[in-house]
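Heads up, the thing below is written out as structure tokens.
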Amino acid sequence: MFQLSEKGRSVRQMFDDISPRYDLLNRLLSFGIDQRWRRFAVSQLSVPKNGRVLDIATGTCDVALEVAEQSDPSVTIVGEDFTQGMLVHGQQKLNNSRHGSRIMLVNAPCEAIPHPAASFDAITIAFGIRNVVDRQGGLNEMFRVLKPGGRAVILEFSNPRSELFRKIYYFYFQKILPTIGGLISKRSAYQYLPDSVIEFPSQEEFSVMMGKAGFQRLQYCDLTFGISTVYVGDKPAA
């Protein structure tokens with residue numbers, strides 16, 4: 001049976017603590033354009049009628065709801081997150097959405113997805129893969145539960161390629177954001193999250209990791225000067 005590492009438990013507790021302010025955190029990290037990024041990421045999917053989509057690290061269900069918005073009403077979505085507090089706030093959104101009945105929430109980590117192999121036509125994860133302690137294990141699990149011919153779309157913060165813009169970005173992340181975050185939530189969380197972005201592998205390195213998991217036809221697209229990146233990988237058809 002899978003057990004979270006000490007670091008994993010620490011990250012889970014942190015997200016539990018900041019769950020009431022999580023949406024605000026995303027707006028601050030992304031300069032307020034994360035919703036546009038999500039719409040673009042979801043548009044890269046191609047989900048058949050009566051298909052099933054798994055949204056990992058669903059958080060407060062923004063991506064799960066966007067999948068519902070962009071897909072046929074027959075499509076069902078499973079939102080999975082290892083943080084109970086996030087799911088509580090996500091369920092509140094679902095209760096107020098016309099798509100809520102199409103989305104089921106599950107409490108589980110990315111490294112141990114509680115579904116049989118080849119269960120889903122598509123998988124999404126937005127701003128979550130960098131918080132998975134065993135990233136390669138998480139990618140392996142995503143590949144396992146994806147149906148042959150299915151697609152995974154991963155949206156994650158990245159490091160701008162422009163040296164000048166990167167310096168400005170890092171200054172905001174490391175100096176300004178923790179100060180703002182400390183006023184509205186836990187300063188330590190607002191320090192950890194920017195640091196986790198800076199430490200995340202390059203686009204090329206992460207694409208290699210997806211390839212090691214078995215994904216093919218790999219591609220990635222930088223958004224907004226490289227503040228975020230959408231990664232796409234397909235599971236070979238049987």
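How things are named: the first chain in the structure tokens is A, the next is B, and so on; residues count from 1 in each chain; ligands count from 1 in the order shown.
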request  = Mind the document's chain letters and residue numbers, and return as a list of chain:residue names the residues of stretch 10-52 of chain A that DSSP labels alpha helix (DSSP H).
outcome  = A:Ser10, A:Val11, A:Arg12, A:Gln13, A:Met14, A:Phe15, A:Asp16, A:Asp17, A:Ile18, A:Tyr22, A:Asp23, A:Leu24, A:Leu25, A:Asn26, A:Arg27, A:Leu28, A:Leu29, A:Asp34, A:Gln35, A:Arg36, A:Trp37, A:Arg38, A:Arg39, A:Phe40, A:Ala41, A:Val42, A:Ser43
Can you tell me which residues surround stretch 116-122 of chain A at a distance of at most 9 Å, considering only C-alpha atoms, apart from same-chain residues fewer than 3 positions away, and format the answer as a PDB file with all heavy atoms, in the first residue's frame?
```pdb
ATOM      1  N   LEU A  45      -7.433  18.725 -25.308  1.00  0.00           N
ATOM      2  CA  LEU A  45      -8.015  17.388 -25.171  1.00  0.00           C
ATOM      3  C   LEU A  45      -8.960  17.100 -26.337  1.00  0.00           C
ATOM      4  O   LEU A  45      -9.434  18.011 -27.016  1.00  0.00           O
ATOM      5  CB  LEU A  45      -8.805  17.278 -23.862  1.00  0.00           C
ATOM      6  CG  LEU A  45      -8.029  17.438 -22.557  1.00  0.00           C
ATOM      7  CD1 LEU A  45      -9.009  17.447 -21.390  1.00  0.00           C
ATOM      8  CD2 LEU A  45      -7.001  16.334 -22.391  1.00  0.00           C
ATOM      9  N   SER A  46      -9.226  15.828 -26.537  1.00  0.00           N
ATOM     10  CA  SER A  46     -10.241  15.399 -27.499  1.00  0.00           C
ATOM     11  C   SER A  46     -10.974  14.223 -26.861  1.00  0.00           C
ATOM     12  O   SER A  46     -10.553  13.069 -26.984  1.00  0.00           O
ATOM     13  CB  SER A  46      -9.589  14.977 -28.827  1.00  0.00           C
ATOM     14  OG  SER A  46     -10.576  14.571 -29.753  1.00  0.00           O
ATOM     15  N   VAL A  47     -12.041  14.539 -26.157  1.00  0.00           N
ATOM     16  CA  VAL A  47     -12.743  13.530 -25.364  1.00  0.00           C
ATOM     17  C   VAL A  47     -13.979  13.046 -26.115  1.00  0.00           C
ATOM     18  O   VAL A  47     -14.830  13.854 -26.496  1.00  0.00           O
ATOM     19  CB  VAL A  47     -13.161  14.101 -23.992  1.00  0.00           C
ATOM     20  CG1 VAL A  47     -13.742  13.001 -23.117  1.00  0.00           C
ATOM     21  CG2 VAL A  47     -11.973  14.773 -23.304  1.00  0.00           C
ATOM     22  N   PRO A  48     -14.112  11.745 -26.339  1.00  0.00           N
ATOM     23  CA  PRO A  48     -15.279  11.234 -27.077  1.00  0.00           C
ATOM     24  C   PRO A  48     -16.552  11.299 -26.241  1.00  0.00           C
ATOM     25  O   PRO A  48     -16.503  11.442 -25.013  1.00  0.00           O
ATOM     26  CB  PRO A  48     -14.882   9.783 -27.357  1.00  0.00           C
ATOM     27  CG  PRO A  48     -13.981   9.416 -26.221  1.00  0.00           C
ATOM     28  CD  PRO A  48     -13.197  10.669 -25.920  1.00  0.00           C
ATOM     29  N   GLY A  51     -17.167   9.620 -22.759  1.00  0.00           N
ATOM     30  CA  GLY A  51     -15.806   9.417 -22.286  1.00  0.00           C
ATOM     31  C   GLY A  51     -15.655   9.744 -20.807  1.00  0.00           C
ATOM     32  O   GLY A  51     -16.550  10.305 -20.165  1.00  0.00           O
ATOM     33  N   ARG A  52     -14.479   9.380 -20.286  1.00  0.00           N
ATOM     34  CA  ARG A  52     -14.152   9.647 -18.876  1.00  0.00           C
ATOM     35  C   ARG A  52     -12.844  10.412 -18.811  1.00  0.00           C
ATOM     36  O   ARG A  52     -11.878  10.066 -19.488  1.00  0.00           O
ATOM     37  CB  ARG A  52     -14.041   8.342 -18.080  1.00  0.00           C
ATOM     38  CG  ARG A  52     -15.314   7.515 -18.031  1.00  0.00           C
ATOM     39  CD  ARG A  52     -15.095   6.307 -17.123  1.00  0.00           C
ATOM     40  NE  ARG A  52     -15.052   6.686 -15.711  1.00  0.00           N
ATOM     41  CZ  ARG A  52     -14.281   6.104 -14.791  1.00  0.00           C
ATOM     42  NH1 ARG A  52     -13.449   5.134 -15.151  1.00  0.00           N
ATOM     43  NH2 ARG A  52     -14.312   6.491 -13.532  1.00  0.00           N
ATOM     44  N   VAL A  53     -12.823  11.443 -17.979  1.00  0.00           N
ATOM     45  CA  VAL A  53     -11.635  12.280 -17.812  1.00  0.00           C
ATOM     46  C   VAL A  53     -11.227  12.268 -16.348  1.00  0.00           C
ATOM     47  O   VAL A  53     -12.076  12.390 -15.453  1.00  0.00           O
ATOM     48  CB  VAL A  53     -11.904  13.727 -18.273  1.00  0.00           C
ATOM     49  CG1 VAL A  53     -10.644  14.585 -18.083  1.00  0.00           C
ATOM     50  CG2 VAL A  53     -12.357  13.754 -19.731  1.00  0.00           C
ATOM     51  N   LEU A  54      -9.930  12.146 -16.101  1.00  0.00           N
ATOM     52  CA  LEU A  54      -9.391  12.230 -14.745  1.00  0.00           C
ATOM     53  C   LEU A  54      -8.624  13.541 -14.606  1.00  0.00           C
ATOM     54  O   LEU A  54      -7.685  13.806 -15.360  1.00  0.00           O
ATOM     55  CB  LEU A  54      -8.451  11.053 -14.466  1.00  0.00           C
ATOM     56  CG  LEU A  54      -7.713  11.085 -13.119  1.00  0.00           C
ATOM     57  CD1 LEU A  54      -8.703  11.011 -11.958  1.00  0.00           C
ATOM     58  CD2 LEU A  54      -6.692   9.952 -13.031  1.00  0.00           C
ATOM     59  N   ASP A  55      -9.029  14.361 -13.648  1.00  0.00           N
ATOM     60  CA  ASP A  55      -8.313  15.603 -13.355  1.00  0.00           C
ATOM     61  C   ASP A  55      -7.574  15.414 -12.036  1.00  0.00           C
ATOM     62  O   ASP A  55      -8.185  15.393 -10.965  1.00  0.00           O
ATOM     63  CB  ASP A  55      -9.275  16.785 -13.263  1.00  0.00           C
ATOM     64  CG  ASP A  55      -8.550  18.083 -12.933  1.00  0.00           C
ATOM     65  OD1 ASP A  55      -7.457  18.286 -13.489  1.00  0.00           O
ATOM     66  OD2 ASP A  55      -9.070  18.867 -12.119  1.00  0.00           O
ATOM     67  N   ILE A 113      -2.935   6.234  -7.962  1.00  0.00           N
ATOM     68  CA  ILE A 113      -4.274   6.514  -8.484  1.00  0.00           C
ATOM     69  C   ILE A 113      -5.152   5.281  -8.274  1.00  0.00           C
ATOM     70  O   ILE A 113      -4.828   4.196  -8.760  1.00  0.00           O
ATOM     71  CB  ILE A 113      -4.201   6.886  -9.975  1.00  0.00           C
ATOM     72  CG1 ILE A 113      -3.351   8.154 -10.151  1.00  0.00           C
ATOM     73  CG2 ILE A 113      -5.602   7.102 -10.547  1.00  0.00           C
ATOM     74  CD1 ILE A 113      -3.082   8.514 -11.605  1.00  0.00           C
ATOM     75  N   GLU A 141       1.893   6.389 -13.204  1.00  0.00           N
ATOM     76  CA  GLU A 141       0.516   6.084 -12.833  1.00  0.00           C
ATOM     77  C   GLU A 141      -0.472   6.698 -13.824  1.00  0.00           C
ATOM     78  O   GLU A 141      -1.474   6.070 -14.202  1.00  0.00           O
ATOM     79  CB  GLU A 141       0.217   6.595 -11.420  1.00  0.00           C
ATOM     80  CG  GLU A 141       0.576   5.650 -10.314  1.00  0.00           C
ATOM     81  CD  GLU A 141      -0.361   4.454 -10.276  1.00  0.00           C
ATOM     82  OE1 GLU A 141      -0.077   3.466 -10.989  1.00  0.00           O
ATOM     83  OE2 GLU A 141      -1.375   4.500  -9.562  1.00  0.00           O
ATOM     84  N   PHE A 143       0.046   7.270 -16.945  1.00  0.00           N
ATOM     85  CA  PHE A 143       0.108   6.460 -18.160  1.00  0.00           C
ATOM     86  C   PHE A 143      -0.662   5.153 -17.967  1.00  0.00           C
ATOM     87  O   PHE A 143      -1.382   4.705 -18.878  1.00  0.00           O
ATOM     88  CB  PHE A 143       1.572   6.157 -18.503  1.00  0.00           C
ATOM     89  CG  PHE A 143       1.769   5.442 -19.817  1.00  0.00           C
ATOM     90  CD1 PHE A 143       1.803   6.153 -21.006  1.00  0.00           C
ATOM     91  CD2 PHE A 143       1.911   4.062 -19.860  1.00  0.00           C
ATOM     92  CE1 PHE A 143       1.979   5.501 -22.223  1.00  0.00           C
ATOM     93  CE2 PHE A 143       2.089   3.403 -21.068  1.00  0.00           C
ATOM     94  CZ  PHE A 143       2.124   4.128 -22.252  1.00  0.00           C
ATOM     95  N   ARG A 144      -0.559   4.564 -16.793  1.00  0.00           N
ATOM     96  CA  ARG A 144      -1.227   3.274 -16.513  1.00  0.00           C
ATOM     97  C   ARG A 144      -2.744   3.376 -16.641  1.00  0.00           C
ATOM     98  O   ARG A 144      -3.377   2.500 -17.256  1.00  0.00           O
ATOM     99  CB  ARG A 144      -0.857   2.790 -15.108  1.00  0.00           C
ATOM    100  CG  ARG A 144      -1.515   1.463 -14.707  1.00  0.00           C
ATOM    101  CD  ARG A 144      -1.204   1.087 -13.266  1.00  0.00           C
ATOM    102  NE  ARG A 144      -1.813   1.995 -12.300  1.00  0.00           N
ATOM    103  CZ  ARG A 144      -3.077   1.920 -11.891  1.00  0.00           C
ATOM    104  NH1 ARG A 144      -3.891   0.976 -12.372  1.00  0.00           N
ATOM    105  NH2 ARG A 144      -3.550   2.783 -11.004  1.00  0.00           N
ATOM    106  N   VAL A 145      -3.338   4.419 -16.077  1.00  0.00           N
ATOM    107  CA  VAL A 145      -4.805   4.497 -16.045  1.00  0.00           C
ATOM    108  C   VAL A 145      -5.393   5.117 -17.310  1.00  0.00           C
ATOM    109  O   VAL A 145      -6.614   5.153 -17.468  1.00  0.00           O
ATOM    110  CB  VAL A 145      -5.304   5.264 -14.806  1.00  0.00           C
ATOM    111  CG1 VAL A 145      -4.837   4.576 -13.527  1.00  0.00           C
ATOM    112  CG2 VAL A 145      -4.868   6.720 -14.830  1.00  0.00           C
ATOM    113  N   LEU A 146      -4.531   5.588 -18.213  1.00  0.00           N
ATOM    114  CA  LEU A 146      -5.014   6.158 -19.479  1.00  0.00           C
ATOM    115  C   LEU A 146      -5.292   5.042 -20.484  1.00  0.00           C
ATOM    116  O   LEU A 146      -4.529   4.080 -20.595  1.00  0.00           O
ATOM    117  CB  LEU A 146      -3.953   7.109 -20.038  1.00  0.00           C
ATOM    118  CG  LEU A 146      -4.347   8.050 -21.179  1.00  0.00           C
ATOM    119  CD1 LEU A 146      -5.456   9.001 -20.758  1.00  0.00           C
ATOM    120  CD2 LEU A 146      -3.116   8.836 -21.644  1.00  0.00           C
ATOM    121  N   LYS A 147      -6.379   5.166 -21.221  1.00  0.00           N
ATOM    122  CA  LYS A 147      -6.697   4.184 -22.255  1.00  0.00           C
ATOM    123  C   LYS A 147      -5.726   4.312 -23.428  1.00  0.00           C
ATOM    124  O   LYS A 147      -5.214   5.409 -23.698  1.00  0.00           O
ATOM    125  CB  LYS A 147      -8.128   4.392 -22.770  1.00  0.00           C
ATOM    126  CG  LYS A 147      -9.222   4.096 -21.769  1.00  0.00           C
ATOM    127  CD  LYS A 147     -10.594   4.349 -22.388  1.00  0.00           C
ATOM    128  CE  LYS A 147     -11.716   4.090 -21.408  1.00  0.00           C
ATOM    129  NZ  LYS A 147     -13.050   4.364 -22.001  1.00  0.00           N
ATOM    130  N   PRO A 148      -5.448   3.221 -24.132  1.00  0.00           N
ATOM    131  CA  PRO A 148      -4.657   3.335 -25.365  1.00  0.00           C
ATOM    132  C   PRO A 148      -5.290   4.357 -26.314  1.00  0.00           C
ATOM    133  O   PRO A 148      -6.499   4.353 -26.529  1.00  0.00           O
ATOM    134  CB  PRO A 148      -4.724   1.917 -25.944  1.00  0.00           C
ATOM    135  CG  PRO A 148      -4.915   1.036 -24.749  1.00  0.00           C
ATOM    136  CD  PRO A 148      -5.814   1.820 -23.830  1.00  0.00           C
ATOM    137  N   GLY A 149      -4.471   5.242 -26.832  1.00  0.00           N
ATOM    138  CA  GLY A 149      -4.973   6.306 -27.691  1.00  0.00           C
ATOM    139  C   GLY A 149      -5.406   7.536 -26.935  1.00  0.00           C
ATOM    140  O   GLY A 149      -5.760   8.555 -27.538  1.00  0.00           O
ATOM    141  N   GLY A 150      -5.369   7.477 -25.594  1.00  0.00           N
ATOM    142  CA  GLY A 150      -5.775   8.610 -24.773  1.00  0.00           C
ATOM    143  C   GLY A 150      -4.674   9.652 -24.655  1.00  0.00           C
ATOM    144  O   GLY A 150      -3.521   9.424 -25.038  1.00  0.00           O
ATOM    145  N   ARG A 151      -5.021  10.783 -24.113  1.00  0.00           N
ATOM    146  CA  ARG A 151      -4.088  11.915 -24.049  1.00  0.00           C
ATOM    147  C   ARG A 151      -4.001  12.483 -22.642  1.00  0.00           C
ATOM    148  O   ARG A 151      -5.003  12.596 -21.932  1.00  0.00           O
ATOM    149  CB  ARG A 151      -4.526  13.005 -25.016  1.00  0.00           C
ATOM    150  CG  ARG A 151      -3.794  14.338 -24.870  1.00  0.00           C
ATOM    151  CD  ARG A 151      -4.049  15.269 -26.036  1.00  0.00           C
ATOM    152  NE  ARG A 151      -3.348  14.792 -27.239  1.00  0.00           N
ATOM    153  CZ  ARG A 151      -3.297  15.473 -28.383  1.00  0.00           C
ATOM    154  NH1 ARG A 151      -3.913  16.643 -28.481  1.00  0.00           N
ATOM    155  NH2 ARG A 151      -2.643  14.987 -29.418  1.00  0.00           N
ATOM    156  N   ALA A 152      -2.785  12.845 -22.248  1.00  0.00           N
ATOM    157  CA  ALA A 152      -2.555  13.563 -20.994  1.00  0.00           C
ATOM    158  C   ALA A 152      -2.131  14.994 -21.318  1.00  0.00           C
ATOM    159  O   ALA A 152      -1.278  15.213 -22.185  1.00  0.00           O
ATOM    160  CB  ALA A 152      -1.480  12.877 -20.167  1.00  0.00           C
ATOM    161  N   VAL A 153      -2.736  15.946 -20.632  1.00  0.00           N
ATOM    162  CA  VAL A 153      -2.378  17.351 -20.784  1.00  0.00           C
ATOM    163  C   VAL A 153      -1.991  17.886 -19.406  1.00  0.00           C
ATOM    164  O   VAL A 153      -2.771  17.802 -18.451  1.00  0.00           O
ATOM    165  CB  VAL A 153      -3.547  18.170 -21.361  1.00  0.00           C
ATOM    166  CG1 VAL A 153      -3.193  19.662 -21.369  1.00  0.00           C
ATOM    167  CG2 VAL A 153      -3.884  17.702 -22.775  1.00  0.00           C
TER     168      VAL A 153
END
```
task = In Å, rounded to a single decimal, give me how far atom CA of A:Gly214 is from atom CA of A:Val232.
result =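 These two atoms are separated by 12.4 Å.
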inquiry  = Can you pull out the residues contacting stretch 26-38 of chain A? Cut-off 8 Å, using only C-alpha atoms, and skip same-chain residues under 2 positions away; I want them as a PyMOL selection string.
reply    = chain A and resi 22-24+40-42+63+66+126+155+173+177+194+223+227
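When only C-alpha atoms are used to measure the gap to A:Gly211, the shortest distance among A:Leu193, A:Leu139, A:Ala237, A:Ala112 belongs to A:Leu139.
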